[in-house]
Amino acid sequence: MKKIMSIAAAAALALSLVSCGSTGGSKKAPAAGYIHPMTYTLDLADGGDTVVNNDNSQYGEKGKSTRQAVHDLTPIVKPNKPQAGDTVVLKGKFTTPFDIDSLLINLIDDSAAANYWTTLSDEVILTDVKAGTPVELDLTFPINKKMIGNFKVQFAYGEQNGDPTTFAVERVCDSDIGTPVGDYVAVENHKEPKVYEFDLSKDLAYVTFEPNYPWVDGVQDTMADPVNYQAIVAITQKFDLEKDWPIVGDVIKVYWKTRSNNDIAAIHCRAVENTAAVGWWKEIDEVGGEGKIIAENVKADEVTVIEWEMKLVEAPVEGISLCIWNNLDESDGSSLLTYVREE
């Protein structure tokens with residue numbers, strides 16, 4: 001018999017649903033769309049027939065979460081994203097190849113829009129998981145934060161149990177995300193390329209070009225000379241993740257009014273995605289690695305207006321950022337570019 005502990009979820013676990021299904025919890029009058037709060041039933045198998053754990057030593061807590069998997073259920077719930085106040089019943093069956101003394105399970109959003117790691121519920125801990133013995137899940141998670149971009153199940157255990165490994169997954173039931181009421185019509189993303197125009201002056205209120213050191217075996221070598229002075233600025237929040245996500249061929253036009261504390265001979269830019277979904281770095285505009293020169297002969301303490309556009313040749317998966325930089329011979333070191341308030 002597995003022992004089950006929970007942080008703020010023990011009572012909910014005791015009330016786990018016996019059978020698969022979804023029930024609405026609202027007394028509101030029907031309206032077009034999904035009615036919240038509601039209960040979702042999700043099967044682990046909808047994220048694949050394996051749970052692949054990786055080395056999480058860099059970010060995990062020793063003895064607790066240095067081995068980790070994030071099992072993706074985003075496609076299942078994307079039509080009806082869980083919100084604060086909803087309940088998710090997680091079902092499924094999995095088997096581990098070795099004993100695990102303590103296995104953490106949680107629901108998380110690791111999208112760029114959610115700052116790469118936001119917990120959506122309180123964690124549950126399974127103890128005394130035995131090798132080769134199927135573990136059948138029937139866990140209830142009250143949702144305390146709305147899913148923004150991703151919906152994933154986090155599994156984590158400590159390094160004392162063994163190296164990163166893979167859990168085999170079996171289906172228990174069909175997932176249920178509820179049924180829309182009224183004249184609900186799912187909003188489809190645009191199909192033909194379009195032009196986005198953004199005034200990013202306030203979004204880029206404080207941009208610092210800092211030393212960007214070379215990467216060696218996945219780690220930046222801060223003892224080496226920098227390769228340039230660079231800033232990475234996320235603009236994911238400028239897009240409607242649910243209704244209007246960028247596609248190949250879209251053009252992003254940018255207006256930026258700023259003031260530098262340093263002379264800069266040239267400022268370069270390229271559009272990138274730096275999320276886990278693409279291995280943390282992918283150039284997605286037509287210029288690519290060389291970037292586009294967006295400003296020249298920027299003078300210290302003078303107002304500079306910069307306008308440029310980028311055409312996407314690859315659709316972002318989870319996020320978009322601007323990689324903005326100057327080369328070593330184009331300034332006298334780090335520079336701070338700040339927002340110019342209207343007089």
# chains A, B, ... in the order shown; residues from 1 in each chain; ligands from 1

$ closest_atom_pairs --of "stretch 128-193 of chain A" --to "stretch 70-88 of chain A" --cutoff "6 Å" --atoms "only C-alpha atoms" --output "JSON lines"
{"residue": "A:Thr140", "atom": "CA", "partner": "A:Val88", "partner_atom": "CA", "distance": 5.8}
{"residue": "A:Phe141", "atom": "CA", "partner": "A:Val88", "partner_atom": "CA", "distance": 5.1}
{"residue": "A:Pro142", "atom": "CA", "partner": "A:Thr87", "partner_atom": "CA", "distance": 4.5}
{"residue": "A:Ile143", "atom": "CA", "partner": "A:Ala84", "partner_atom": "CA", "distance": 5.1}
{"residue": "A:Asn144", "atom": "CA", "partner": "A:Ala84", "partner_atom": "CA", "distance": 4.4}
{"residue": "A:Lys145", "atom": "CA", "partner": "A:Ala84", "partner_atom": "CA", "distance": 4.6}
{"residue": "A:Lys146", "atom": "CA", "partner": "A:Gln83", "partner_atom": "CA", "distance": 4.0}
{"residue": "A:Met147", "atom": "CA", "partner": "A:Pro82", "partner_atom": "CA", "distance": 5.8}
{"residue": "A:Asn150", "atom": "CA", "partner": "A:Thr74", "partner_atom": "CA", "distance": 5.3}
{"residue": "A:Phe151", "atom": "CA", "partner": "A:Thr74", "partner_atom": "CA", "distance": 4.6}
{"residue": "A:Lys152", "atom": "CA", "partner": "A:Asp72", "partner_atom": "CA", "distance": 4.5}
{"residue": "A:Val153", "atom": "CA", "partner": "A:His71", "partner_atom": "CA", "distance": 4.9}
{"residue": "A:Gln154", "atom": "CA", "partner": "A:Val70", "partner_atom": "CA", "distance": 4.6}

$ residues_around --residues "stretch 46-56 of chain A" --least-positions-apart "6" --cutoff "10 Å" --atoms "only C-alpha atoms" --output "PyMOL selection string"
chain A and resi 62+65-76+92-96+152-159+163-171+173-175

$ select_by_dssp --residues "stretch 282-315 of chain A" --states "strand (DSSP E)" --output "ChimeraX atom specification"
/A:282-283,292-298,303-311

$ write_last_selection --atoms "N, CA, C and O atoms" --output "PDB file, in the first residue's frame"
ATOM      1  N   LYS A 282      16.543  29.426 -30.211  1.00  0.00           N
ATOM      2  CA  LYS A 282      16.266  29.204 -31.621  1.00  0.00           C
ATOM      3  C   LYS A 282      16.012  30.557 -32.275  1.00  0.00           C
ATOM      4  O   LYS A 282      15.196  31.351 -31.798  1.00  0.00           O
ATOM      5  N   GLU A 283      16.739  30.819 -33.375  1.00  0.00           N
ATOM      6  CA  GLU A 283      16.540  32.063 -34.111  1.00  0.00           C
ATOM      7  C   GLU A 283      15.377  31.867 -35.075  1.00  0.00           C
ATOM      8  O   GLU A 283      15.344  30.886 -35.821  1.00  0.00           O
ATOM      9  N   LYS A 292      19.987  42.124 -37.466  1.00  0.00           N
ATOM     10  CA  LYS A 292      19.750  43.312 -38.291  1.00  0.00           C
ATOM     11  C   LYS A 292      20.238  44.527 -37.521  1.00  0.00           C
ATOM     12  O   LYS A 292      19.981  44.664 -36.316  1.00  0.00           O
ATOM     13  N   ILE A 293      20.951  45.433 -38.193  1.00  0.00           N
ATOM     14  CA  ILE A 293      21.346  46.689 -37.564  1.00  0.00           C
ATOM     15  C   ILE A 293      20.114  47.583 -37.498  1.00  0.00           C
ATOM     16  O   ILE A 293      19.549  47.956 -38.530  1.00  0.00           O
ATOM     17  N   ILE A 294      19.698  47.914 -36.292  1.00  0.00           N
ATOM     18  CA  ILE A 294      18.473  48.695 -36.119  1.00  0.00           C
ATOM     19  C   ILE A 294      18.760  50.151 -35.765  1.00  0.00           C
ATOM     20  O   ILE A 294      17.840  50.992 -35.819  1.00  0.00           O
ATOM     21  N   ALA A 295      19.990  50.462 -35.385  1.00  0.00           N
ATOM     22  CA  ALA A 295      20.353  51.849 -35.082  1.00  0.00           C
ATOM     23  C   ALA A 295      21.861  52.009 -35.237  1.00  0.00           C
ATOM     24  O   ALA A 295      22.628  51.087 -34.953  1.00  0.00           O
ATOM     25  N   GLU A 296      22.272  53.202 -35.653  1.00  0.00           N
ATOM     26  CA  GLU A 296      23.697  53.514 -35.803  1.00  0.00           C
ATOM     27  C   GLU A 296      23.975  54.894 -35.228  1.00  0.00           C
ATOM     28  O   GLU A 296      23.101  55.763 -35.186  1.00  0.00           O
ATOM     29  N   ASN A 297      25.206  55.052 -34.756  1.00  0.00           N
ATOM     30  CA  ASN A 297      25.678  56.340 -34.235  1.00  0.00           C
ATOM     31  C   ASN A 297      24.765  56.891 -33.135  1.00  0.00           C
ATOM     32  O   ASN A 297      24.362  58.058 -33.147  1.00  0.00           O
ATOM     33  N   VAL A 298      24.446  56.025 -32.192  1.00  0.00           N
ATOM     34  CA  VAL A 298      23.650  56.434 -31.033  1.00  0.00           C
ATOM     35  C   VAL A 298      24.550  57.238 -30.090  1.00  0.00           C
ATOM     36  O   VAL A 298      25.628  56.777 -29.707  1.00  0.00           O
ATOM     37  N   VAL A 303      18.016  61.551 -27.162  1.00  0.00           N
ATOM     38  CA  VAL A 303      16.855  60.715 -27.444  1.00  0.00           C
ATOM     39  C   VAL A 303      17.035  60.066 -28.822  1.00  0.00           C
ATOM     40  O   VAL A 303      17.368  60.738 -29.798  1.00  0.00           O
ATOM     41  N   THR A 304      16.830  58.767 -28.860  1.00  0.00           N
ATOM     42  CA  THR A 304      16.960  58.008 -30.101  1.00  0.00           C
ATOM     43  C   THR A 304      15.650  57.286 -30.394  1.00  0.00           C
ATOM     44  O   THR A 304      15.106  56.604 -29.520  1.00  0.00           O
ATOM     45  N   VAL A 305      15.136  57.454 -31.585  1.00  0.00           N
ATOM     46  CA  VAL A 305      13.940  56.739 -32.013  1.00  0.00           C
ATOM     47  C   VAL A 305      14.356  55.650 -33.000  1.00  0.00           C
ATOM     48  O   VAL A 305      15.011  55.939 -34.012  1.00  0.00           O
ATOM     49  N   ILE A 306      14.008  54.410 -32.672  1.00  0.00           N
ATOM     50  CA  ILE A 306      14.413  53.260 -33.487  1.00  0.00           C
ATOM     51  C   ILE A 306      13.155  52.570 -34.005  1.00  0.00           C
ATOM     52  O   ILE A 306      12.243  52.270 -33.236  1.00  0.00           O
ATOM     53  N   GLU A 307      13.094  52.324 -35.286  1.00  0.00           N
ATOM     54  CA  GLU A 307      11.987  51.603 -35.893  1.00  0.00           C
ATOM     55  C   GLU A 307      12.548  50.510 -36.800  1.00  0.00           C
ATOM     56  O   GLU A 307      13.453  50.781 -37.600  1.00  0.00           O
ATOM     57  N   TRP A 308      12.043  49.304 -36.641  1.00  0.00           N
ATOM     58  CA  TRP A 308      12.494  48.215 -37.495  1.00  0.00           C
ATOM     59  C   TRP A 308      11.426  47.140 -37.572  1.00  0.00           C
ATOM     60  O   TRP A 308      10.444  47.175 -36.838  1.00  0.00           O
ATOM     61  N   GLU A 309      11.613  46.191 -38.477  1.00  0.00           N
ATOM     62  CA  GLU A 309      10.655  45.102 -38.601  1.00  0.00           C
ATOM     63  C   GLU A 309      11.387  43.786 -38.777  1.00  0.00           C
ATOM     64  O   GLU A 309      12.533  43.737 -39.240  1.00  0.00           O
ATOM     65  N   MET A 310      10.711  42.702 -38.378  1.00  0.00           N
ATOM     66  CA  MET A 310      11.270  41.349 -38.449  1.00  0.00           C
ATOM     67  C   MET A 310      10.226  40.428 -39.058  1.00  0.00           C
ATOM     68  O   MET A 310       9.074  40.421 -38.618  1.00  0.00           O
ATOM     69  N   LYS A 311      10.610  39.643 -40.039  1.00  0.00           N
ATOM     70  CA  LYS A 311       9.714  38.667 -40.642  1.00  0.00           C
ATOM     71  C   LYS A 311      10.060  37.286 -40.096  1.00  0.00           C
ATOM     72  O   LYS A 311      11.214  36.856 -40.135  1.00  0.00           O
TER      73      LYS A 311
END

$ residues_around --residues "A:Tyr34" --least-positions-apart "6" --cutoff "10 Å" --atoms "only C-alpha atoms" --output "PyMOL selection string"
chain A and resi 24+79-81+177-182+184

$ write_last_selection --atoms "C-alpha atoms" --output "CSV table (one decimal), in the first residue's frame"
chain,number,residue,atom,x,y,z
A,24,GLY,CA,-19.5,21.6,-13.3
A,79,PRO,CA,-9.5,24.5,-25.6
A,80,ASN,CA,-10.5,25.1,-22.0
A,81,LYS,CA,-7.6,26.2,-19.8
A,177,ILE,CA,-12.3,18.9,-19.9
A,178,GLY,CA,-16.0,19.6,-19.8
A,179,THR,CA,-18.5,20.5,-22.4
A,180,PRO,CA,-19.1,24.0,-23.6
A,181,VAL,CA,-22.6,25.5,-23.4
A,182,GLY,CA,-24.4,28.0,-25.5
A,184,TYR,CA,-19.6,28.5,-28.1

$ closest_residue --among "A:Asp329, A:Asp301, A:Asp43, A:Glu314" --to "A:Glu136" --atoms "only C-alpha atoms"
A:Asp43

$ residues_around --residues "A:Trp325" --least-positions-apart "2" --cutoff "6 Å" --atoms "only C-alpha atoms" --output "ChimeraX atom specification"
/A:229-230,267-268

$ select_by_dssp --residues "stretch 94-271 of chain A" --states "helix (DSSP H, G or I)" --output "list in words"
Ala112, Ala113, Ala114, Glu159, Gln160, Asn161, Thr236, Gln237 and Lys238 of chain A

$ residues_around --residues "A:Pro211" --least-positions-apart "4" --cutoff "8 Å" --atoms "only C-alpha atoms" --output "ChimeraX atom specification"
/A:226-230,333-334

$ atom_distance --atom1 "atom CA of A:Lys194" --atom2 "atom CA of A:Asp250"
5.0 Å
